[in-house]
file entry_35.cif (mmCIF, C-alpha atoms)
data_coords
#
loop_
_atom_site.label_atom_id
_atom_site.label_comp_id
_atom_site.auth_asym_id
_atom_site.auth_seq_id
_atom_site.Cartn_x
_atom_site.Cartn_y
_atom_site.Cartn_z
CA MET A 147 19.33 2.97 5.47
CA ASP A 148 20.32 -0.51 6.61
CA LEU A 149 22.30 -1.92 3.68
CA THR A 150 22.41 -5.34 5.35
CA ILE A 151 18.64 -5.69 4.89
CA VAL A 152 18.93 -4.38 1.31
CA TRP A 153 21.53 -7.06 0.51
CA ALA A 154 19.44 -9.75 2.20
CA PHE A 155 16.57 -8.82 -0.15
CA ILE A 156 18.84 -8.71 -3.22
CA ILE A 157 20.12 -12.24 -2.51
CA ALA A 158 16.61 -13.51 -1.70
CA PHE A 159 15.37 -11.98 -4.98
CA ALA A 160 18.22 -13.60 -6.94
CA VAL A 161 17.45 -17.02 -5.42
CA ALA A 162 13.71 -16.59 -6.10
CA ALA A 163 14.41 -15.51 -9.70
CA TYR A 164 16.65 -18.54 -10.16
CA VAL A 165 13.99 -20.93 -8.83
CA VAL A 166 11.33 -19.41 -11.09
CA MET A 167 13.45 -19.28 -14.24
CA ASP A 168 15.67 -22.34 -13.96
CA GLY A 169 12.99 -24.41 -12.23
CA PHE A 170 10.89 -25.05 -15.30
CA ASP A 171 13.80 -25.99 -17.57
CA LEU A 172 15.26 -28.33 -14.94
CA GLY A 173 11.73 -29.74 -14.68
CA ILE A 174 11.62 -30.42 -18.42
CA GLY A 175 14.95 -32.26 -18.04
CA ILE A 176 13.43 -34.40 -15.26
CA LEU A 177 10.44 -35.26 -17.48
CA PHE A 178 12.62 -35.85 -20.56
CA PRO A 179 12.66 -39.71 -20.51
CA PHE A 180 8.84 -39.70 -20.58
CA PHE A 181 8.65 -37.85 -23.91
CA LYS A 182 8.73 -39.82 -27.15
CA VAL A 183 12.11 -39.97 -28.90
CA GLY A 184 12.20 -37.61 -31.87
CA LYS A 185 9.59 -34.90 -32.39
CA GLU A 186 8.37 -34.66 -28.77
CA ARG A 187 11.84 -34.40 -27.26
CA ASP A 188 12.88 -31.84 -29.89
CA GLN A 189 9.80 -29.73 -29.10
CA ALA A 190 10.52 -29.93 -25.36
CA MET A 191 14.10 -28.74 -26.00
CA ASN A 192 12.95 -25.95 -28.32
CA ALA A 193 10.54 -24.71 -25.62
CA ILE A 194 13.51 -23.77 -23.39
CA ALA A 195 16.41 -23.40 -25.84
CA PRO A 196 16.23 -19.58 -26.26
CA VAL A 197 16.23 -18.81 -22.53
CA TRP A 198 17.70 -21.70 -20.52
CA ASP A 199 21.36 -20.65 -20.48
CA GLY A 200 20.62 -17.17 -19.10
CA ASN A 201 18.87 -18.54 -16.04
CA GLU A 202 22.01 -19.55 -14.14
CA THR A 203 22.93 -15.83 -14.02
CA TRP A 204 20.71 -15.56 -10.94
CA LEU A 205 22.48 -18.45 -9.23
CA VAL A 206 25.82 -16.69 -9.75
CA LEU A 207 24.35 -13.43 -8.41
CA GLY A 208 22.94 -15.19 -5.33
CA GLY A 209 26.18 -17.10 -4.58
CA GLY A 210 28.46 -14.17 -5.37
CA GLY A 211 26.27 -11.79 -3.37
CA LEU A 212 26.35 -14.11 -0.36
CA MET A 213 30.15 -14.28 -0.48
CA ALA A 214 30.55 -10.51 -0.83
CA ALA A 215 27.77 -9.23 1.45
CA PHE A 216 27.75 -11.98 4.12
CA PRO A 217 31.28 -13.45 4.12
CA LEU A 218 30.91 -15.16 7.52
CA ALA A 219 27.81 -17.05 6.32
CA TYR A 220 29.61 -18.07 3.14
CA ALA A 221 32.61 -19.32 5.16
CA ILE A 222 30.35 -21.47 7.39
CA VAL A 223 27.78 -22.69 4.83
CA LEU A 224 30.21 -23.79 2.12
CA PRO A 225 32.22 -26.32 4.19
CA ALA A 226 28.97 -27.65 5.66
CA LEU A 227 27.40 -28.24 2.25
CA TYR A 228 30.38 -28.91 -0.05
CA ALA A 229 29.12 -32.35 -1.15
CA PRO A 230 25.56 -31.40 -2.28
CA LEU A 231 26.71 -28.06 -3.76
CA ILE A 232 29.49 -29.68 -5.83
CA ALA A 233 27.06 -32.40 -6.98
CA MET A 234 24.56 -29.68 -7.98
CA LEU A 235 27.17 -27.74 -9.98
CA LEU A 236 28.38 -30.91 -11.74
CA GLY A 237 24.77 -31.73 -12.59
CA LEU A 238 24.28 -28.24 -14.10
CA VAL A 239 27.52 -28.54 -16.10
CA PHE A 240 26.64 -32.02 -17.36
CA ARG A 241 23.14 -31.02 -18.48
CA GLY A 242 24.52 -27.93 -20.24
CA VAL A 243 26.99 -30.01 -22.23
CA ALA A 244 24.31 -32.62 -23.01
CA PHE A 245 21.88 -29.89 -24.13
CA GLU A 246 24.24 -28.60 -26.80
CA PHE A 247 25.78 -31.90 -27.89
CA ARG A 248 22.47 -33.69 -28.50
CA TRP A 249 22.09 -31.40 -31.54
CA ARG A 250 25.72 -31.49 -32.68
CA ASP A 251 26.24 -35.23 -32.26
CA PRO A 252 23.02 -36.93 -33.43
CA GLY A 253 24.74 -40.34 -33.56
CA HIS A 254 24.94 -40.42 -29.75
CA ARG A 255 21.73 -38.50 -29.03
CA ARG A 256 20.37 -41.26 -26.79
CA TRP A 257 23.36 -40.84 -24.47
CA TRP A 258 23.12 -37.04 -24.47
CA ASP A 259 19.40 -37.28 -23.67
CA THR A 260 20.22 -39.53 -20.71
CA GLY A 261 22.89 -37.04 -19.60
CA PHE A 262 20.42 -34.17 -19.85
CA PHE A 263 17.92 -36.07 -17.66
CA LEU A 264 20.49 -37.17 -15.05
CA GLY A 265 22.11 -33.72 -14.87
CA SER A 266 18.70 -32.08 -14.35
CA LEU A 267 17.63 -34.65 -11.74
CA VAL A 268 20.89 -34.47 -9.74
CA ALA A 269 21.02 -30.63 -9.84
CA THR A 270 17.41 -30.32 -8.67
CA PHE A 271 17.61 -32.99 -5.97
CA MET A 272 20.83 -31.51 -4.57
CA GLN A 273 19.33 -28.00 -4.51
CA GLY A 274 16.54 -29.40 -2.35
CA VAL A 275 18.97 -31.33 -0.13
CA THR A 276 21.03 -28.13 0.32
CA LEU A 277 17.92 -26.18 1.34
CA GLY A 278 16.83 -28.96 3.72
CA ALA A 279 20.29 -29.15 5.30
CA LEU A 280 20.34 -25.37 5.78
CA LEU A 281 16.86 -25.40 7.34
CA GLN A 282 17.60 -28.21 9.78
CA GLY A 283 20.55 -26.23 11.16
CA ILE A 284 24.30 -26.08 10.68
CA THR A 285 26.67 -26.71 13.59
CA VAL A 286 28.65 -23.53 14.21
CA SER A 287 31.78 -23.51 16.38
CA GLY A 288 32.98 -19.95 17.00
CA ARG A 289 33.15 -18.42 13.51
CA ALA A 290 33.53 -21.69 11.58
CA TYR A 291 31.64 -24.84 10.67
CA GLY A 292 31.80 -27.31 13.55
CA GLY A 293 30.00 -30.35 12.13
CA GLY A 294 30.94 -33.43 10.14
CA TRP A 295 31.12 -34.26 6.41
CA TRP A 296 27.76 -36.12 6.33
CA ASP A 297 25.68 -33.81 8.57
CA TRP A 298 23.70 -32.61 5.53
CA LEU A 299 22.38 -36.11 4.81
CA THR A 300 19.19 -36.58 6.87
CA PRO A 301 15.61 -37.79 6.22
CA PHE A 302 14.43 -34.14 6.27
CA SER A 303 16.97 -32.96 3.65
CA LEU A 304 16.07 -35.95 1.43
CA LEU A 305 12.36 -35.10 1.81
CA VAL A 306 12.99 -31.50 0.70
CA GLY A 307 15.11 -32.79 -2.23
CA ALA A 308 12.34 -35.15 -3.39
CA GLY A 309 9.73 -32.40 -2.98
CA LEU A 310 11.76 -30.00 -5.12
CA VAL A 311 12.11 -32.64 -7.87
CA ALA A 312 8.30 -32.97 -7.97
CA GLY A 313 7.86 -29.18 -7.87
CA TYR A 314 10.31 -28.44 -10.69
CA ALA A 315 8.83 -31.27 -12.80
CA LEU A 316 5.38 -29.71 -12.30
CA LEU A 317 6.73 -26.28 -13.36
CA GLY A 318 8.27 -27.90 -16.47
CA ALA A 319 5.01 -29.63 -17.39
CA CYS A 320 3.05 -26.36 -16.96
CA TRP A 321 5.60 -24.49 -19.11
CA LEU A 322 5.11 -27.06 -21.89
CA ILE A 323 1.31 -26.70 -21.61
CA TRP A 324 1.82 -22.98 -22.25
CA LYS A 325 4.48 -23.18 -24.97
CA THR A 326 3.49 -26.25 -27.03
CA GLU A 327 0.42 -27.79 -28.65
CA GLY A 328 -0.71 -31.17 -29.90
CA GLU A 329 0.50 -34.47 -28.51
CA ILE A 330 3.27 -33.14 -26.28
CA GLN A 331 0.89 -30.63 -24.68
CA ALA A 332 -1.59 -33.44 -23.91
CA ASP A 333 1.23 -35.47 -22.36
CA ALA A 334 2.35 -32.44 -20.30
CA ARG A 335 -1.21 -32.01 -18.96
CA ARG A 336 -1.30 -35.67 -17.96
CA TYR A 337 2.07 -35.46 -16.17
CA ALA A 338 1.04 -32.26 -14.38
CA ARG A 339 -2.11 -33.97 -13.04
CA ILE A 340 0.10 -36.69 -11.55
CA LEU A 341 2.72 -34.27 -10.18
CA LEU A 342 0.38 -31.73 -8.56
CA PRO A 343 -0.84 -34.05 -5.75
CA VAL A 344 2.79 -35.13 -5.15
CA MET A 345 3.91 -31.51 -4.81
CA PHE A 346 0.92 -30.68 -2.58
CA VAL A 347 1.75 -33.56 -0.21
CA SER A 348 5.46 -32.52 -0.26
CA ILE A 349 4.59 -28.92 0.70
CA GLY A 350 2.40 -30.25 3.52
CA ALA A 351 5.05 -32.69 4.81
CA VAL A 352 7.88 -30.11 4.78
CA SER A 353 5.64 -27.41 6.33
CA PHE A 354 4.54 -29.80 9.09
CA ALA A 355 8.11 -30.93 9.88
CA THR A 356 9.86 -27.52 9.72
CA PRO A 357 8.55 -25.92 12.98
CA PHE A 358 9.70 -28.97 14.96
CA ILE A 359 13.32 -29.16 13.75
CA GLU A 360 14.36 -25.81 15.25
CA PRO A 361 12.68 -24.11 18.28
CA LYS A 362 13.00 -20.65 16.69
CA TYR A 363 10.87 -21.77 13.71
CA PHE A 364 8.03 -22.73 16.04
CA GLN A 365 8.16 -19.26 17.67
CA ARG A 366 8.26 -17.46 14.32
CA TRP A 367 5.30 -19.40 12.91
CA PHE A 368 3.04 -19.40 15.96
CA GLU A 369 3.77 -16.01 17.57
CA PHE A 370 3.01 -12.54 16.26
CA PRO A 371 3.92 -11.23 13.62
CA GLY A 372 4.56 -14.65 12.03
CA LEU A 373 0.92 -15.59 12.65
CA ILE A 374 -0.06 -13.06 9.96
CA ALA A 375 1.48 -15.44 7.41
CA THR A 376 0.66 -18.70 9.23
CA ILE A 377 -3.12 -18.28 9.39
CA PRO A 378 -3.89 -17.59 5.68
CA MET A 379 -1.09 -19.79 4.25
CA PRO A 380 -2.90 -23.18 4.27
CA VAL A 381 -6.00 -21.57 2.71
CA LEU A 382 -3.93 -19.91 -0.02
CA VAL A 383 -2.00 -23.12 -0.82
CA LEU A 384 -5.26 -25.10 -0.99
CA GLY A 385 -6.92 -22.41 -3.12
CA PHE A 386 -4.15 -22.17 -5.70
CA THR A 387 -3.73 -25.95 -5.79
CA PHE A 388 -7.45 -26.18 -6.66
CA LEU A 389 -7.11 -23.43 -9.31
CA LEU A 390 -4.10 -25.22 -10.83
CA TRP A 391 -5.97 -28.56 -10.87
CA ARG A 392 -8.94 -26.90 -12.58
CA GLY A 393 -6.62 -24.99 -14.93
CA LEU A 394 -5.11 -28.27 -16.17
CA LYS A 395 -8.53 -29.19 -17.58
CA ARG A 396 -9.27 -25.80 -19.16
CA ASP A 397 -7.97 -24.28 -22.38
CA VAL A 398 -6.23 -21.13 -21.07
CA ASP A 399 -2.74 -22.51 -21.56
CA TRP A 400 -0.77 -20.02 -19.43
CA HIS A 401 -2.93 -20.32 -16.28
CA PRO A 402 -1.36 -23.57 -14.93
CA PHE A 403 2.16 -22.09 -15.12
CA LEU A 404 1.00 -18.95 -13.29
CA TYR A 405 -0.65 -20.95 -10.50
CA ALA A 406 2.37 -23.25 -10.17
CA LEU A 407 4.60 -20.16 -9.79
CA ILE A 408 2.29 -18.78 -7.09
CA LEU A 409 2.55 -22.08 -5.17
CA PHE A 410 6.35 -21.74 -5.31
CA LEU A 411 6.08 -18.10 -4.20
CA LEU A 412 3.92 -19.09 -1.20
CA SER A 413 6.48 -21.77 -0.28
CA MET A 414 9.26 -19.16 -0.43
CA ILE A 415 7.25 -16.78 1.79
CA GLY A 416 6.88 -19.62 4.31
CA LEU A 417 10.62 -20.20 4.12
CA ALA A 418 11.29 -16.49 4.73
CA VAL A 419 9.02 -16.48 7.79
CA SER A 420 10.97 -19.44 9.20
CA ILE A 421 14.45 -18.04 8.59
CA TRP A 422 14.24 -14.23 8.91
CA PRO A 423 16.36 -12.48 10.13
CA ASP A 424 18.97 -15.27 10.17
CA VAL A 425 21.29 -16.12 7.32
CA ILE A 426 22.22 -19.42 9.00
CA PRO A 427 18.92 -20.43 10.65
CA GLY A 428 19.03 -20.40 14.44
CA ARG A 429 22.77 -19.64 14.50
CA VAL A 430 23.91 -16.48 12.70
CA SER A 431 21.82 -13.38 11.90
CA ILE A 432 22.28 -11.25 8.77
CA TRP A 433 23.87 -8.48 10.90
CA GLN A 434 26.38 -10.84 12.51
CA ALA A 435 27.42 -12.19 9.09
CA ALA A 436 27.45 -8.88 7.22
CA ALA A 437 30.45 -7.33 5.48
CA PRO A 438 31.53 -3.79 6.50
CA TYR A 439 29.18 -0.94 5.48
CA GLU A 440 31.69 0.47 2.96
CA SER A 441 31.98 -2.90 1.19
CA GLN A 442 28.20 -3.26 0.98
CA LEU A 443 27.86 0.28 -0.40
CA PHE A 444 30.56 -0.31 -3.04
CA MET A 445 28.88 -3.54 -4.21
CA LEU A 446 25.44 -1.94 -4.20
CA VAL A 447 26.62 0.54 -6.85
CA GLY A 448 27.52 -2.38 -9.13
CA ALA A 449 24.34 -4.31 -8.32
CA SER A 450 22.15 -1.28 -9.03
CA VAL A 451 23.52 -1.27 -12.59
CA LEU A 452 23.77 -5.03 -13.19
CA VAL A 453 20.43 -6.23 -11.79
CA PRO A 454 18.25 -3.91 -13.94
CA LEU A 455 20.39 -4.85 -16.99
CA ILE A 456 19.90 -8.58 -16.34
CA LEU A 457 16.15 -8.04 -15.79
CA ALA A 458 15.85 -6.03 -19.02
CA TYR A 459 17.78 -8.63 -21.04
CA THR A 460 15.73 -11.46 -19.54
CA ALA A 461 12.40 -9.71 -20.22
CA TRP A 462 13.47 -8.92 -23.79
CA SER A 463 14.52 -12.51 -24.54
CA TYR A 464 11.25 -13.93 -23.19
CA TRP A 465 9.32 -11.34 -25.23
CA VAL A 466 11.18 -12.13 -28.46
CA PHE A 467 10.58 -15.88 -28.07
CA ARG A 468 6.96 -15.59 -26.88
CA GLY A 469 4.23 -17.74 -28.40
CA LYS A 470 3.97 -21.43 -29.18
CA VAL A 471 6.97 -23.54 -30.18
CA GLY A 472 6.72 -25.63 -33.32
CA GLU A 473 8.88 -28.46 -34.57
CA GLU A 474 11.22 -25.96 -36.21
CA GLY A 475 12.88 -24.19 -33.31
CA TYR A 476 15.98 -22.50 -32.04
CA HIS A 477 18.28 -25.34 -33.11
CA ALA A 478 16.59 -26.05 -36.46
CA HIS A 479 19.68 -24.92 -38.38
CA ASP A 480 21.77 -27.62 -36.68
CA HIS A 481 19.80 -30.55 -38.07
#
call {"tool": "encode", "arguments": {"input": "entry_35.cif", "output": "structure tokens"}}
result
Amino acid sequence: MDLTIVWAFIIAFAVAAYVVMDGFDLGIGILFPFFKVGKERDQAMNAIAPVWDGNETWLVLGGGGLMAAFPLAYAIVLPALYAPLIAMLLGLVFRGVAFEFRWRDPGHRRWWDTGFFLGSLVATFMQGVTLGALLQGITVSGRAYGGGWWDWLTPFSLLVGAGLVAGYALLGACWLIWKTEGEIQADARRYARILLPVMFVSIGAVSFATPFIEPKYFQRWFEFPGLIATIPMPVLVLGFTFLLWRGLKRDVDWHPFLYALILFLLSMIGLAVSIWPDVIPGRVSIWQAAAPYESQLFMLVGASVLVPLILAYTAWSYWVFRGKVGEEGYHAHDH
């Protein structure tokens, strides 16, 4: 069994789980200024309060897994992307502090709300910029990063960053449609109808640009077996965009969130087709970057215990806090 491929899938799964689970609560943070002060903002917070702080677990697993299983990739990627990654982590820290302190320090709630919004926006935008910078290629010199401090800052990375902001905001709006009712749910439907075309255009723009920024991408998309994904992908994206648009007008509250997740999943499949089997696109393959077999095997023992535990805990917490969120929520005792 090729443990390198197993570890590539574990890290890809961790990143996908992070996007799915942290995406909607970052999205609610991005939408936060548009909710009315008071009841609406409290309901938005209560919709994510029971689960939001467990979501970063997947980010830690993805980053830690990359360092342990693909140390060469970690050593090249980190210096190349220090600035956006540090900005992302500071954004996540800031929003976490703001989340808790808005309940404990009501006198300054306006400032904490602003912090929650800015932290969410910066973290999301920088995640997109990081992805865009990785996709456009990292300069490798020998076994180290060979580029400059600002190489990550390009029109393409900014486009991916802006697209991810729209995508996460759409996920957040769809989550609120599912978890709330009344005025805030009506507002979330309205925001989702604005955000869906923006996300659709962003997916199209990034998909159109990607094959032309690296010759290997063009080969992978337009030669077999990549064509298996390329041919049906536009039809699937169009189909689920239509279903999501229609779902925003219907009364089955969980459908929009499901369709939004599928659009993200399709985007991630497209990303996998572009990159595989590289860990640094066009430069370093997963086998070139891999840790020794013994190290991978040792870590796999730990991962085989930890990942099912995290999944079980996550599923249980979502099950316990299922259903609609009222005005009295997770933080009601703090008022």
call {"tool": "closest_atom_pairs", "arguments": {"input": "entry_35.cif", "of": "segment 296-376 of chain A", "to": "segment 415-427 of chain A", "cutoff": "9 Å", "atoms": "all atoms listed in the file", "output": "CSV"}}
result
residue,atom,partner,partner_atom,distance
A:Ser353,CA,A:Gly416,CA,8.1
A:Thr356,CA,A:Ser420,CA,8.2
A:Pro357,CA,A:Ser420,CA,7.9
A:Glu360,CA,A:Pro427,CA,8.4
A:Lys362,CA,A:Ser420,CA,7.9
A:Tyr363,CA,A:Ser420,CA,5.1
A:Phe364,CA,A:Ser420,CA,8.1
A:Gln365,CA,A:Ser420,CA,8.9
A:Arg366,CA,A:Ser420,CA,6.1
A:Trp367,CA,A:Ser420,CA,6.8
A:Gly372,CA,A:Val419,CA,6.4
A:Ala375,CA,A:Gly416,CA,7.5
A:Thr376,CA,A:Gly416,CA,8.0
call {"tool": "resolve_selection", "arguments": {"input": "entry_35.cif", "expression": "the PyMOL selection byres ((chain A and resi 197) around 10)", "output": "NGL selection string"}}
result
:A and (167-168 or 171 or 192-196 or 198-201 or 460 or 463-464 or 467)
call {"tool": "write_last_selection", "arguments": {"input": "entry_35.cif", "atoms": "C-alpha atoms", "output": "PDB file, in the frame of the given file"}}
result
ATOM      1  CA  MET A 167      13.450 -19.280 -14.240  1.00  0.00           C
ATOM      2  CA  ASP A 168      15.670 -22.340 -13.960  1.00  0.00           C
ATOM      3  CA  ASP A 171      13.800 -25.990 -17.570  1.00  0.00           C
ATOM      4  CA  ASN A 192      12.950 -25.950 -28.320  1.00  0.00           C
ATOM      5  CA  ALA A 193      10.540 -24.710 -25.620  1.00  0.00           C
ATOM      6  CA  ILE A 194      13.510 -23.770 -23.390  1.00  0.00           C
ATOM      7  CA  ALA A 195      16.410 -23.400 -25.840  1.00  0.00           C
ATOM      8  CA  PRO A 196      16.230 -19.580 -26.260  1.00  0.00           C
ATOM      9  CA  TRP A 198      17.700 -21.700 -20.520  1.00  0.00           C
ATOM     10  CA  ASP A 199      21.360 -20.650 -20.480  1.00  0.00           C
ATOM     11  CA  GLY A 200      20.620 -17.170 -19.100  1.00  0.00           C
ATOM     12  CA  ASN A 201      18.870 -18.540 -16.040  1.00  0.00           C
ATOM     13  CA  THR A 460      15.730 -11.460 -19.540  1.00  0.00           C
ATOM     14  CA  SER A 463      14.520 -12.510 -24.540  1.00  0.00           C
ATOM     15  CA  TYR A 464      11.250 -13.930 -23.190  1.00  0.00           C
ATOM     16  CA  PHE A 467      10.580 -15.880 -28.070  1.00  0.00           C
TER      17      PHE A 467
END
call {"tool": "closest_residue", "arguments": {"input": "entry_35.cif", "among": "A:Pro179, A:Pro252, A:Gly208, A:Gly318", "to": "Tyr164 of chain A", "atoms": "only C-alpha atoms"}}
result
A:Gly208
call {"tool": "resolve_selection", "arguments": {"input": "entry_35.cif", "expression": "the PyMOL selection byres ((chain A and resi 343) around 12)", "output": "list in words"}}
result
Gly309, Ala312, Gly313, Leu316, Tyr337, Ala338, Arg339, Ile340, Leu341, Leu342, Val344, Met345, Phe346, Val347, Ser348, Ile349, Gly350, Leu384, Thr387, Phe388, Leu390 and Trp391 of chain A
call {"tool": "write_last_selection", "arguments": {"input": "entry_35.cif", "atoms": "C-alpha atoms", "output": "PDB file, keeping the file's coordinate frame"}}
result
ATOM      1  CA  GLY A 309       9.730 -32.400  -2.980  1.00  0.00           C
ATOM      2  CA  ALA A 312       8.300 -32.970  -7.970  1.00  0.00           C
ATOM      3  CA  GLY A 313       7.860 -29.180  -7.870  1.00  0.00           C
ATOM      4  CA  LEU A 316       5.380 -29.710 -12.300  1.00  0.00           C
ATOM      5  CA  TYR A 337       2.070 -35.460 -16.170  1.00  0.00           C
ATOM      6  CA  ALA A 338       1.040 -32.260 -14.380  1.00  0.00           C
ATOM      7  CA  ARG A 339      -2.110 -33.970 -13.040  1.00  0.00           C
ATOM      8  CA  ILE A 340       0.100 -36.690 -11.550  1.00  0.00           C
ATOM      9  CA  LEU A 341       2.720 -34.270 -10.180  1.00  0.00           C
ATOM     10  CA  LEU A 342       0.380 -31.730  -8.560  1.00  0.00           C
ATOM     11  CA  VAL A 344       2.790 -35.130  -5.150  1.00  0.00           C
ATOM     12  CA  MET A 345       3.910 -31.510  -4.810  1.00  0.00           C
ATOM     13  CA  PHE A 346       0.920 -30.680  -2.580  1.00  0.00           C
ATOM     14  CA  VAL A 347       1.750 -33.560  -0.210  1.00  0.00           C
ATOM     15  CA  SER A 348       5.460 -32.520  -0.260  1.00  0.00           C
ATOM     16  CA  ILE A 349       4.590 -28.920   0.700  1.00  0.00           C
ATOM     17  CA  GLY A 350       2.400 -30.250   3.520  1.00  0.00           C
ATOM     18  CA  LEU A 384      -5.260 -25.100  -0.990  1.00  0.00           C
ATOM     19  CA  THR A 387      -3.730 -25.950  -5.790  1.00  0.00           C
ATOM     20  CA  PHE A 388      -7.450 -26.180  -6.660  1.00  0.00           C
ATOM     21  CA  LEU A 390      -4.100 -25.220 -10.830  1.00  0.00           C
ATOM     22  CA  TRP A 391      -5.970 -28.560 -10.870  1.00  0.00           C
TER      23      TRP A 391
END
call {"tool": "resolve_selection", "arguments": {"input": "entry_35.cif", "expression": "the PyMOL selection byres ((chain A and resi 457) around 12)", "output": "JSON, numbers by chain"}}
result
{"A": [159, 160, 163, 164, 167, 200, 201, 203, 204, 449, 450, 451, 452, 453, 454, 455, 456, 458, 459, 460, 461, 462, 463, 464]}
call {"tool": "atom_distance", "arguments": {"input": "entry_35.cif", "atom1": "atom CA of Ile359 of chain A", "atom2": "atom CA of Gln282 of chain A"}}
result
5.9 Å
call {"tool": "closest_residue", "arguments": {"input": "entry_35.cif", "among": "A:Gly261, A:Gly307, A:Gly448, A:Gly428", "to": "Gly274 of chain A", "atoms": "only C-alpha atoms"}}
result
A:Gly307
call {"tool": "closest_residue", "arguments": {"input": "entry_35.cif", "among": "A:Cys320, A:Val206, A:Ile222, A:Ile151", "to": "Arg289 of chain A", "atoms": "all atoms listed in the file"}}
result
A:Ile222
call {"tool": "closest_residue", "arguments": {"input": "entry_35.cif", "among": "A:Glu327, A:Gly265, A:Ser413, A:Phe358", "to": "Val306 of chain A", "atoms": "only C-alpha atoms"}}
result
A:Ser413
call {"tool": "residues_around", "arguments": {"input": "entry_35.cif", "residues": "Phe444 of chain A", "least_positions_apart": "6", "cutoff": "12 Å", "atoms": "only C-alpha atoms", "output": "compact mmCIF listing (two decimals) with C-alpha atoms, keeping the file's coordinate frame"}}
result
# COMPACT_ATOMS: atom_id res chain seq x y z
CA LEU A 149 22.30 -1.92 3.68
CA TRP A 153 21.53 -7.06 0.51
CA ALA A 214 30.55 -10.51 -0.83
CA ALA A 215 27.77 -9.23 1.45
CA ALA A 437 30.45 -7.33 5.48
CA PRO A 438 31.53 -3.79 6.50
CA SER A 450 22.15 -1.28 -9.03
CA VAL A 451 23.52 -1.27 -12.59
call {"tool": "residues_near_point", "arguments": {"input": "entry_35.cif", "point": "(21.5, -35.7, -27.0)", "cutoff": "12 Å", "atoms": "all atoms listed in the file", "output": "PyMOL selection string"}}
result
chain A and resi 175+178-179+183-184+187-188+191+240-263
call {"tool": "closest_residue", "arguments": {"input": "entry_35.cif", "among": "A:Ile232, A:Ile377, A:Leu227, A:Val268", "to": "Tyr291 of chain A", "atoms": "all atoms listed in the file"}}
result
A:Leu227
call {"tool": "atom_distance", "arguments": {"input": "entry_35.cif", "atom1": "atom CA of Trp321 of chain A", "atom2": "atom CA of Phe403 of chain A"}}
result
5.8 Å
call {"tool": "build_atoms", "arguments": {"input": "entry_35.cif", "residues": "segment 240-250 of chain A", "atoms": "N, CA, C and O atoms", "output": "mmCIF file, in the frame of the given file"}}
result
data_model
loop_
_atom_site.group_PDB
_atom_site.id
_atom_site.type_symbol
_atom_site.label_atom_id
_atom_site.label_comp_id
_atom_site.auth_asym_id
_atom_site.auth_seq_id
_atom_site.Cartn_x
_atom_site.Cartn_y
_atom_site.Cartn_z
ATOM 1 N N PHE A 240 26.898 -30.836 -16.532
ATOM 2 C CA PHE A 240 26.640 -32.020 -17.360
ATOM 3 C C PHE A 240 25.413 -31.808 -18.240
ATOM 4 O O PHE A 240 25.418 -32.144 -19.426
ATOM 5 N N ARG A 241 24.342 -31.224 -17.676
ATOM 6 C CA ARG A 241 23.140 -31.020 -18.480
ATOM 7 C C ARG A 241 23.360 -29.955 -19.553
ATOM 8 O O ARG A 241 22.799 -30.044 -20.642
ATOM 9 N N GLY A 242 24.213 -28.955 -19.239
ATOM 10 C CA GLY A 242 24.520 -27.930 -20.240
ATOM 11 C C GLY A 242 25.256 -28.508 -21.434
ATOM 12 O O GLY A 242 24.946 -28.204 -22.583
ATOM 13 N N VAL A 243 26.230 -29.353 -21.153
ATOM 14 C CA VAL A 243 26.990 -30.010 -22.230
ATOM 15 C C VAL A 243 26.053 -30.915 -23.039
ATOM 16 O O VAL A 243 26.052 -30.896 -24.277
ATOM 17 N N ALA A 244 25.234 -31.706 -22.335
ATOM 18 C CA ALA A 244 24.310 -32.620 -23.010
ATOM 19 C C ALA A 244 23.316 -31.865 -23.880
ATOM 20 O O ALA A 244 22.976 -32.304 -24.990
ATOM 21 N N PHE A 245 22.857 -30.707 -23.383
ATOM 22 C CA PHE A 245 21.880 -29.890 -24.130
ATOM 23 C C PHE A 245 22.421 -29.521 -25.508
ATOM 24 O O PHE A 245 21.737 -29.660 -26.519
ATOM 25 N N GLU A 246 23.659 -29.044 -25.534
ATOM 26 C CA GLU A 246 24.240 -28.600 -26.800
ATOM 27 C C GLU A 246 24.649 -29.775 -27.692
ATOM 28 O O GLU A 246 24.444 -29.755 -28.903
ATOM 29 N N PHE A 247 25.216 -30.813 -27.079
ATOM 30 C CA PHE A 247 25.780 -31.900 -27.890
ATOM 31 C C PHE A 247 24.716 -32.818 -28.475
ATOM 32 O O PHE A 247 24.997 -33.528 -29.438
ATOM 33 N N ARG A 248 23.506 -32.829 -27.915
ATOM 34 C CA ARG A 248 22.470 -33.690 -28.500
ATOM 35 C C ARG A 248 22.118 -33.220 -29.919
ATOM 36 O O ARG A 248 21.648 -33.995 -30.742
ATOM 37 N N TRP A 249 22.339 -31.919 -30.193
ATOM 38 C CA TRP A 249 22.090 -31.400 -31.540
ATOM 39 C C TRP A 249 23.304 -31.597 -32.438
ATOM 40 O O TRP A 249 23.177 -31.828 -33.631
ATOM 41 N N ARG A 250 24.486 -31.470 -31.872
ATOM 42 C CA ARG A 250 25.720 -31.490 -32.680
ATOM 43 C C ARG A 250 26.219 -32.906 -32.952
ATOM 44 O O ARG A 250 27.021 -33.114 -33.850
#
